[in-house]
Structure formats: C-alpha cells, structure tokens
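One structure is given below, encoded as structure tokens.
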Amino acid sequence: PTRAATIPGIRNVIAVASGKGGVGKSTTACNLALGLAAEGLKVGILDADIYGPSLPKLLGLSGKPRVIEGRTLAPLERFGLKVMSIGFMVDEETPMIWRGPMVMSAITQMLREVAWGDLDVLVVDMPPGTGDAQLTMAQATPLAGAVIVSTPQDLALLDARRGVAMFRKTEVPILGIVENMSYFLAPDTGKRYDIFGHGGARQEAGRLGVPFLGEVPLDMNLRERSDAGEPVVAMAPDDPQSRVYRDMARQVWAALSGAGGLKQKAAPTIIIE
Ligand code: ADP
C-alpha cells in the first residue's frame with residue numbers, strides 16, 4: 001500500500017471510521033477529541049465526511065476559515081480544539097457529487113494546507129463506509145491508527161468488520177472498536193434496555209483480535225447536547241457518558257504514545273481479493 005507523507009508538526013493522525021452512516025461516528029470523533037484534549041494534549045479535528053459534514057453543528061461553529069497566506073487556511077477553534085471541516089468550504093444545502101480526484105484534493109488541502117501548528121493528535125472524522133472514496137482517503141492520510149464505531153446489531157457489525165479489513169489492507173493499526181448506542185437507561189426508572197442488543201462489538205473485537213474501547217449508552221441528553229453544539233465531554237466532563245469517552249481517549253493515547261503499547265493480539269491474516 002502507498003504510504004502518505006507525514007505532516008510537519010502533527011505527531012499522530014488517527015481516523016474515526018464506521019462501516020455505515022448514522023452509527024454515531026461524528027459524535028464519537030468529537031467527544032474522543034475532547035477527551036484527548038482533557039488529558040492535556042494538543043488536539044485538532046478534521047471533518048473529512050464529504051457526504052455529511054457534521055462537525056460545524058456538533059461544535060457550534062460556522063463561518064469560513066481565514067486565509068493566512070497563499071492557500072493556507074487558519075483552522076477555527078472551539079473548546080480548545082483546532083477544527084477544520086469540509087462543511088466550512090461547501091454550502092450545506094448544495095448537494096455535491098464527489099469524483100475520485102476531488103476527494104483526493106479536498107483531503108490533501110484540509111490536511112496539508114491548514115495551519116494546524118503543533119499537535120499531539122489530529123482526529124479525522126472519516127466518511128462512513130468502506131468504498132473507494134473511503135479507501136482513497138485512508139491512503140491519502142498518514143494514519144497512526146483507526147478507531148471503528150459500531151452499534152451492536154449484526155448488520156452494523158458486519159459493516160464494522162469491513163472497516164477493520166479496509167484499514168488492515170492499508171496497513172493502518174486498529175486502535176479499537178467502540179460500541180455506540182450500546183444500551184439505554186430509562187431516565188425515569190433507571191431500568192436498562194438493550195435496544196439494539198448489547199455486547200456485539202466487544203465480541204467482534206475479540207474475534208478480530210483488536211482492542212475494545214468502550215460502550216456508549218443511547219442517551220437523550222447526549223443527543224440533545226450534540227445537536228445543540230454543546231458536546232458532552234466539554235460541557236459535562238464528569239457525566240457517565242463523558243467518562244466513557246475520556247477512558248476511550250486514555251486508551252487511544254496509551255496506544256499511540258507506546259505506554260503499554262497496542263494491546264493487540266496477533267492479528268489474524270485477512271486476505272482481500
Ligand atoms: P454518523 O457520524 O455515524 O453518521 P452521528 O454522530 O452524526 O452519526 O450521529 C447520528 C445521530 O445520532 C445524531 O443525531 C447524534 O446526536 C445521535 N447519537 C449518536 N450517538 C448517540 C448516543 N450514544 N445516544 C443518543 N444519540 C446519539
């Protein structure tokens with residue numbers, strides 16, 4: 001596989017990916033980035049979801065990035081994160097047809113023509129799925145690792161497995177799998193409901209020999225805050241959901257910084273035709 005050149009000043013670029021849309025990939029990317037920042041790290045987040053950029057909304061940001069010089073753009077900033085989104089560049093209402101070379105040039109520009117400065121981690125919110133655009137993007141990005149987000153259902157897990165296979169094909173280490181919408185705790189009774197089943201992602205991680213990074217419950221408060229541009233880790237860092245994300249962030253950083261190393265068993269060989 002082709003290896004993308006590293007980006008000066010950025011120590012680790014990681015991808016947050018999912019096998020399909022709507023599983024909570026952007027929500028996870030955003031709160032994971034905030035969790036890393038809460039560890040005292042310098043963190044940026046790049047919204048490369050060309051099909052549905054959602055970081056402007058999740059972080060309550062709008063406006064066009066300032067041009068610093070030539071083609072270089074200044075990232076926007078929020079909650080201590082440096083932020084760049086394809087949503088800042090294209091009109092949200094206008095549907096876009098992305099052709100291969102455009103995907104390449106958009107990701108290249110957002111990675112390399114942005115004044116990110118000095119970062120410990122740049123979190124890339126990838127487009128959902130495992131098609132050509134996703135593969136192109138994974139190859140164009142100098143990734144230190146990938147986090148895969150899935151819901152517990154079989155179908156989502158099948159897609160997640162494809163995601164793991166895609167990153168293995170590009171020789172990107174899998175930092176782990178997150179189970180989102182893992183269960184629901186009724187706010188009135190405290191009774192727990194496993195709406196989409198529960199524990200599937202942990203099992204799948206075990207089967208694939210990759211770390212399991214945690215279970216995020218389905219939570220109304222989390223959704224309301226997300227959609228209001230007030231991500232839970234920034235607004236309520238001690239809430240139970242925030243603790244899950246912060247714990248996830250610590251595991252990811254431990255793997256990236258080599259403290260404890262990647263808790264990864266020998267990966268089974270996957271051959272993709
Ligand atoms: P994706 O990036 O995979 O398309 P999003 O992160 O945009 O998914 O999430 C899709 C929707 O689900 C959003 O409205 C988001 O607020 C909501 N959502 C995501 N995770 C949770 C959760 N754990 N609990 C409640 N709502 C969630």
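Scheme for the structure tokens: letters A, B, ... for chains in order shown; per-chain residue numbers from 1; ligand numbers from 1 in order shown.
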Open item on the list: Can you work out which residues are within 9 Å of ligand 1, considering only C-alpha atoms and all ligand atoms, and then hand them over as a ChimeraX atom specification?
Closed with: /A:17-30,49,52-55,58,125-128,149-150,179-184,215-227,241
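Around Ala4 (chain A), within 7 Å and counting only C-alpha atoms, the residues found are Gln139, Ala140, Thr141 and Pro142 of chain A, once anything fewer than 6 positions away on its own chain is removed.
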Task: Which of region 80-223 of chain A DSSP labels helix (DSSP H, G or I), written as a PyMOL selection string - done: chain A and resi 86-89+100-112+132-140+154-169+200-208+220-223
Could you build a table of the residues in region 81-155 of chain A lying no more than 10 Å from region 199-202 of chain A, giving for each the nearest pair of atoms and their separation in Å rounded to one decimal place, using only C-alpha atoms, ordered by chain and ascending residue number, as CSV?
```
residue,atom,partner,partner_atom,distance
A:Ile148,CA,A:Ala201,CA,9.9
A:Val149,CA,A:Ala201,CA,8.9
A:Ser150,CA,A:Ala201,CA,6.8
A:Thr151,CA,A:Ala201,CA,7.2
A:Pro152,CA,A:Gly200,CA,4.8
A:Gln153,CA,A:Gly200,CA,6.8
A:Asp154,CA,A:Gly200,CA,7.3
```
Output C-alpha atoms of each residue in that selection to a file, as an mmCIF file, in the first residue's frame.
```cif
data_model
loop_
_atom_site.group_PDB
_atom_site.id
_atom_site.type_symbol
_atom_site.label_atom_id
_atom_site.label_comp_id
_atom_site.auth_asym_id
_atom_site.auth_seq_id
_atom_site.Cartn_x
_atom_site.Cartn_y
_atom_site.Cartn_z
ATOM 1 C CA ILE A 148 -14.068 1.926 14.394
ATOM 2 C CA VAL A 149 -17.520 2.868 15.666
ATOM 3 C CA SER A 150 -20.389 0.388 15.506
ATOM 4 C CA THR A 151 -23.803 -0.195 17.007
ATOM 5 C CA PRO A 152 -24.408 -3.662 18.473
ATOM 6 C CA GLN A 153 -26.593 -5.098 15.683
ATOM 7 C CA ASP A 154 -25.283 -7.871 13.467
#
```
Please, which residues of region 70-126 of chain A, numbered as in this document, come out strand (DSSP E or B) from DSSP, as a PDB file with N, CA, C and O atoms, in the first residue's frame?
```pdb
ATOM      1  N   THR A  72      -2.962  28.771   2.367  1.00  0.00           N
ATOM      2  CA  THR A  72      -3.047  28.218   3.725  1.00  0.00           C
ATOM      3  C   THR A  72      -4.202  28.819   4.523  1.00  0.00           C
ATOM      4  O   THR A  72      -4.371  30.031   4.572  1.00  0.00           O
ATOM      5  N   LEU A  73      -5.001  27.929   5.134  1.00  0.00           N
ATOM      6  CA  LEU A  73      -6.158  28.364   5.913  1.00  0.00           C
ATOM      7  C   LEU A  73      -5.881  28.239   7.409  1.00  0.00           C
ATOM      8  O   LEU A  73      -5.167  27.330   7.837  1.00  0.00           O
ATOM      9  N   LEU A  76     -10.481  26.870  12.560  1.00  0.00           N
ATOM     10  CA  LEU A  76     -11.301  27.524  13.580  1.00  0.00           C
ATOM     11  C   LEU A  76     -10.965  26.872  14.920  1.00  0.00           C
ATOM     12  O   LEU A  76     -10.310  25.825  14.966  1.00  0.00           O
ATOM     13  N   GLU A  77     -11.394  27.474  16.011  1.00  0.00           N
ATOM     14  CA  GLU A  77     -11.094  26.898  17.324  1.00  0.00           C
ATOM     15  C   GLU A  77     -12.337  26.864  18.184  1.00  0.00           C
ATOM     16  O   GLU A  77     -13.143  27.779  18.172  1.00  0.00           O
ATOM     17  N   ARG A  78     -12.472  25.764  18.940  1.00  0.00           N
ATOM     18  CA  ARG A  78     -13.604  25.612  19.847  1.00  0.00           C
ATOM     19  C   ARG A  78     -13.246  24.625  20.947  1.00  0.00           C
ATOM     20  O   ARG A  78     -12.678  23.573  20.654  1.00  0.00           O
ATOM     21  N   LEU A  81     -10.036  22.879  20.827  1.00  0.00           N
ATOM     22  CA  LEU A  81      -9.679  22.071  19.653  1.00  0.00           C
ATOM     23  C   LEU A  81      -9.479  22.973  18.442  1.00  0.00           C
ATOM     24  O   LEU A  81     -10.208  23.948  18.269  1.00  0.00           O
ATOM     25  N   LYS A  82      -8.536  22.622  17.584  1.00  0.00           N
ATOM     26  CA  LYS A  82      -8.433  23.257  16.272  1.00  0.00           C
ATOM     27  C   LYS A  82      -9.311  22.459  15.318  1.00  0.00           C
ATOM     28  O   LYS A  82      -9.244  21.231  15.301  1.00  0.00           O
ATOM     29  N   VAL A  83     -10.120  23.146  14.557  1.00  0.00           N
ATOM     30  CA  VAL A  83     -11.167  22.469  13.791  1.00  0.00           C
ATOM     31  C   VAL A  83     -11.149  22.879  12.323  1.00  0.00           C
ATOM     32  O   VAL A  83     -11.092  24.072  12.002  1.00  0.00           O
ATOM     33  N   MET A  84     -11.198  21.890  11.438  1.00  0.00           N
ATOM     34  CA  MET A  84     -11.395  22.181  10.015  1.00  0.00           C
ATOM     35  C   MET A  84     -12.443  21.205   9.499  1.00  0.00           C
ATOM     36  O   MET A  84     -12.436  20.028   9.845  1.00  0.00           O
ATOM     37  N   SER A  85     -13.357  21.728   8.705  1.00  0.00           N
ATOM     38  CA  SER A  85     -14.426  20.876   8.182  1.00  0.00           C
ATOM     39  C   SER A  85     -14.681  21.185   6.725  1.00  0.00           C
ATOM     40  O   SER A  85     -14.625  22.339   6.303  1.00  0.00           O
ATOM     41  N   VAL A 114      -3.561  23.662   5.940  1.00  0.00           N
ATOM     42  CA  VAL A 114      -4.187  24.271   7.107  1.00  0.00           C
ATOM     43  C   VAL A 114      -3.080  24.484   8.139  1.00  0.00           C
ATOM     44  O   VAL A 114      -2.223  23.626   8.316  1.00  0.00           O
ATOM     45  N   LEU A 119       0.581  19.717  16.964  1.00  0.00           N
ATOM     46  CA  LEU A 119      -0.499  18.890  17.520  1.00  0.00           C
ATOM     47  C   LEU A 119       0.031  17.536  17.985  1.00  0.00           C
ATOM     48  O   LEU A 119       0.842  16.915  17.308  1.00  0.00           O
ATOM     49  N   ASP A 120      -0.477  17.083  19.129  1.00  0.00           N
ATOM     50  CA  ASP A 120      -0.192  15.708  19.545  1.00  0.00           C
ATOM     51  C   ASP A 120      -1.033  14.740  18.729  1.00  0.00           C
ATOM     52  O   ASP A 120      -0.554  13.687  18.318  1.00  0.00           O
ATOM     53  N   VAL A 121      -2.294  15.094  18.529  1.00  0.00           N
ATOM     54  CA  VAL A 121      -3.194  14.208  17.784  1.00  0.00           C
ATOM     55  C   VAL A 121      -4.111  15.027  16.880  1.00  0.00           C
ATOM     56  O   VAL A 121      -4.686  16.030  17.311  1.00  0.00           O
ATOM     57  N   LEU A 122      -4.231  14.597  15.641  1.00  0.00           N
ATOM     58  CA  LEU A 122      -5.276  15.112  14.761  1.00  0.00           C
ATOM     59  C   LEU A 122      -6.271  13.974  14.531  1.00  0.00           C
ATOM     60  O   LEU A 122      -5.918  12.906  14.034  1.00  0.00           O
ATOM     61  N   VAL A 123      -7.520  14.208  14.949  1.00  0.00           N
ATOM     62  CA  VAL A 123      -8.567  13.202  14.788  1.00  0.00           C
ATOM     63  C   VAL A 123      -9.294  13.483  13.473  1.00  0.00           C
ATOM     64  O   VAL A 123      -9.769  14.599  13.259  1.00  0.00           O
ATOM     65  N   VAL A 124      -9.356  12.490  12.601  1.00  0.00           N
ATOM     66  CA  VAL A 124     -10.044  12.679  11.320  1.00  0.00           C
ATOM     67  C   VAL A 124     -11.373  11.929  11.342  1.00  0.00           C
ATOM     68  O   VAL A 124     -11.414  10.708  11.511  1.00  0.00           O
ATOM     69  N   ASP A 125     -12.457  12.673  11.196  1.00  0.00           N
ATOM     70  CA  ASP A 125     -13.793  12.085  11.089  1.00  0.00           C
ATOM     71  C   ASP A 125     -13.984  11.675   9.630  1.00  0.00           C
ATOM     72  O   ASP A 125     -14.196  12.508   8.764  1.00  0.00           O
TER      73      ASP A 125
END
```
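CA of Ile86 (chain A) is found 6.6 Å from CA of Ile50 (chain A).
Interatomic distance, CA of Val244 (chain A) against CA of Phe212 (chain A): 12.1 Å.
Within the 12 Å cut-off around Arg3 (chain A), using only C-alpha atoms and omitting residues fewer than 3 positions from it on the same chain, the listed residues are Thr6, Thr136, Met137, Ala138, Gln139, Ala140, Thr141, Pro142, Leu143, Ala144, Lys169, Thr170, Glu171 and Val172 of chain A.
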Save out the residues we just selected, N, CA and C atoms, as an mmCIF file, in the first residue's frame.
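What follows is the written file part_22.cif:
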```cif
data_model
loop_
_atom_site.group_PDB
_atom_site.id
_atom_site.type_symbol
_atom_site.label_atom_id
_atom_site.label_comp_id
_atom_site.auth_asym_id
_atom_site.auth_seq_id
_atom_site.Cartn_x
_atom_site.Cartn_y
_atom_site.Cartn_z
ATOM 1 N N THR A 6 4.096 12.248 6.055
ATOM 2 C CA THR A 6 3.648 12.801 7.339
ATOM 3 C C THR A 6 3.471 14.316 7.213
ATOM 4 N N THR A 136 -9.520 5.688 -0.649
ATOM 5 C CA THR A 136 -8.662 6.756 -1.160
ATOM 6 C C THR A 136 -8.230 7.673 -0.025
ATOM 7 N N MET A 137 -9.198 8.008 0.815
ATOM 8 C CA MET A 137 -8.905 8.932 1.898
ATOM 9 C C MET A 137 -7.965 8.314 2.923
ATOM 10 N N ALA A 138 -8.209 7.036 3.231
ATOM 11 C CA ALA A 138 -7.337 6.347 4.190
ATOM 12 C C ALA A 138 -5.903 6.310 3.657
ATOM 13 N N GLN A 139 -5.785 6.151 2.342
ATOM 14 C CA GLN A 139 -4.438 6.068 1.761
ATOM 15 C C GLN A 139 -3.760 7.427 1.669
ATOM 16 N N ALA A 140 -4.580 8.482 1.528
ATOM 17 C CA ALA A 140 -4.012 9.828 1.381
ATOM 18 C C ALA A 140 -3.612 10.429 2.730
ATOM 19 N N THR A 141 -3.984 9.745 3.810
ATOM 20 C CA THR A 141 -3.780 10.281 5.152
ATOM 21 C C THR A 141 -2.714 9.456 5.872
ATOM 22 N N PRO A 142 -1.728 10.104 6.460
ATOM 23 C CA PRO A 142 -0.677 9.349 7.160
ATOM 24 C C PRO A 142 -1.168 8.884 8.529
ATOM 25 N N LEU A 143 -1.945 7.811 8.556
ATOM 26 C CA LEU A 143 -2.645 7.412 9.778
ATOM 27 C C LEU A 143 -1.780 6.586 10.725
ATOM 28 N N ALA A 144 -1.811 6.972 12.008
ATOM 29 C CA ALA A 144 -1.144 6.194 13.043
ATOM 30 C C ALA A 144 -2.071 5.113 13.574
ATOM 31 N N LYS A 169 -5.914 -3.524 5.171
ATOM 32 C CA LYS A 169 -5.430 -3.535 3.787
ATOM 33 C C LYS A 169 -4.442 -2.387 3.554
ATOM 34 N N THR A 170 -4.701 -1.244 4.216
ATOM 35 C CA THR A 170 -3.800 -0.107 4.068
ATOM 36 C C THR A 170 -2.722 -0.112 5.161
ATOM 37 N N GLU A 171 -2.665 -1.204 5.924
ATOM 38 C CA GLU A 171 -1.669 -1.372 6.995
ATOM 39 C C GLU A 171 -1.744 -0.318 8.075
ATOM 40 N N VAL A 172 -2.954 0.138 8.364
ATOM 41 C CA VAL A 172 -3.168 1.080 9.461
ATOM 42 C C VAL A 172 -3.574 0.281 10.704
#
```
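The protein and nucleic acid residues lying at most 12 Å from Ile68 (chain A) are Leu73, Ala74, Pro75, Glu113, Val114, Ala115 and Trp116 of chain A, with only C-alpha atoms considered and sequence neighbours fewer than 5 positions away removed.
Proximity of A:Pro56, A:Gly197, A:Gly163, A:Pro65 to Glu230 (chain A), computed with only C-alpha atoms, is greatest for A:Pro56.
Counting from CA of Asp159 (chain A), the distance to CA of Gly129 (chain A) is 7.6 Å.
Compared by their closest atoms to Met104 (chain A), and using only C-alpha atoms, the residues A:Asp247, A:Met166, A:Gln134, A:Leu213 rank with A:Gln134 nearest.
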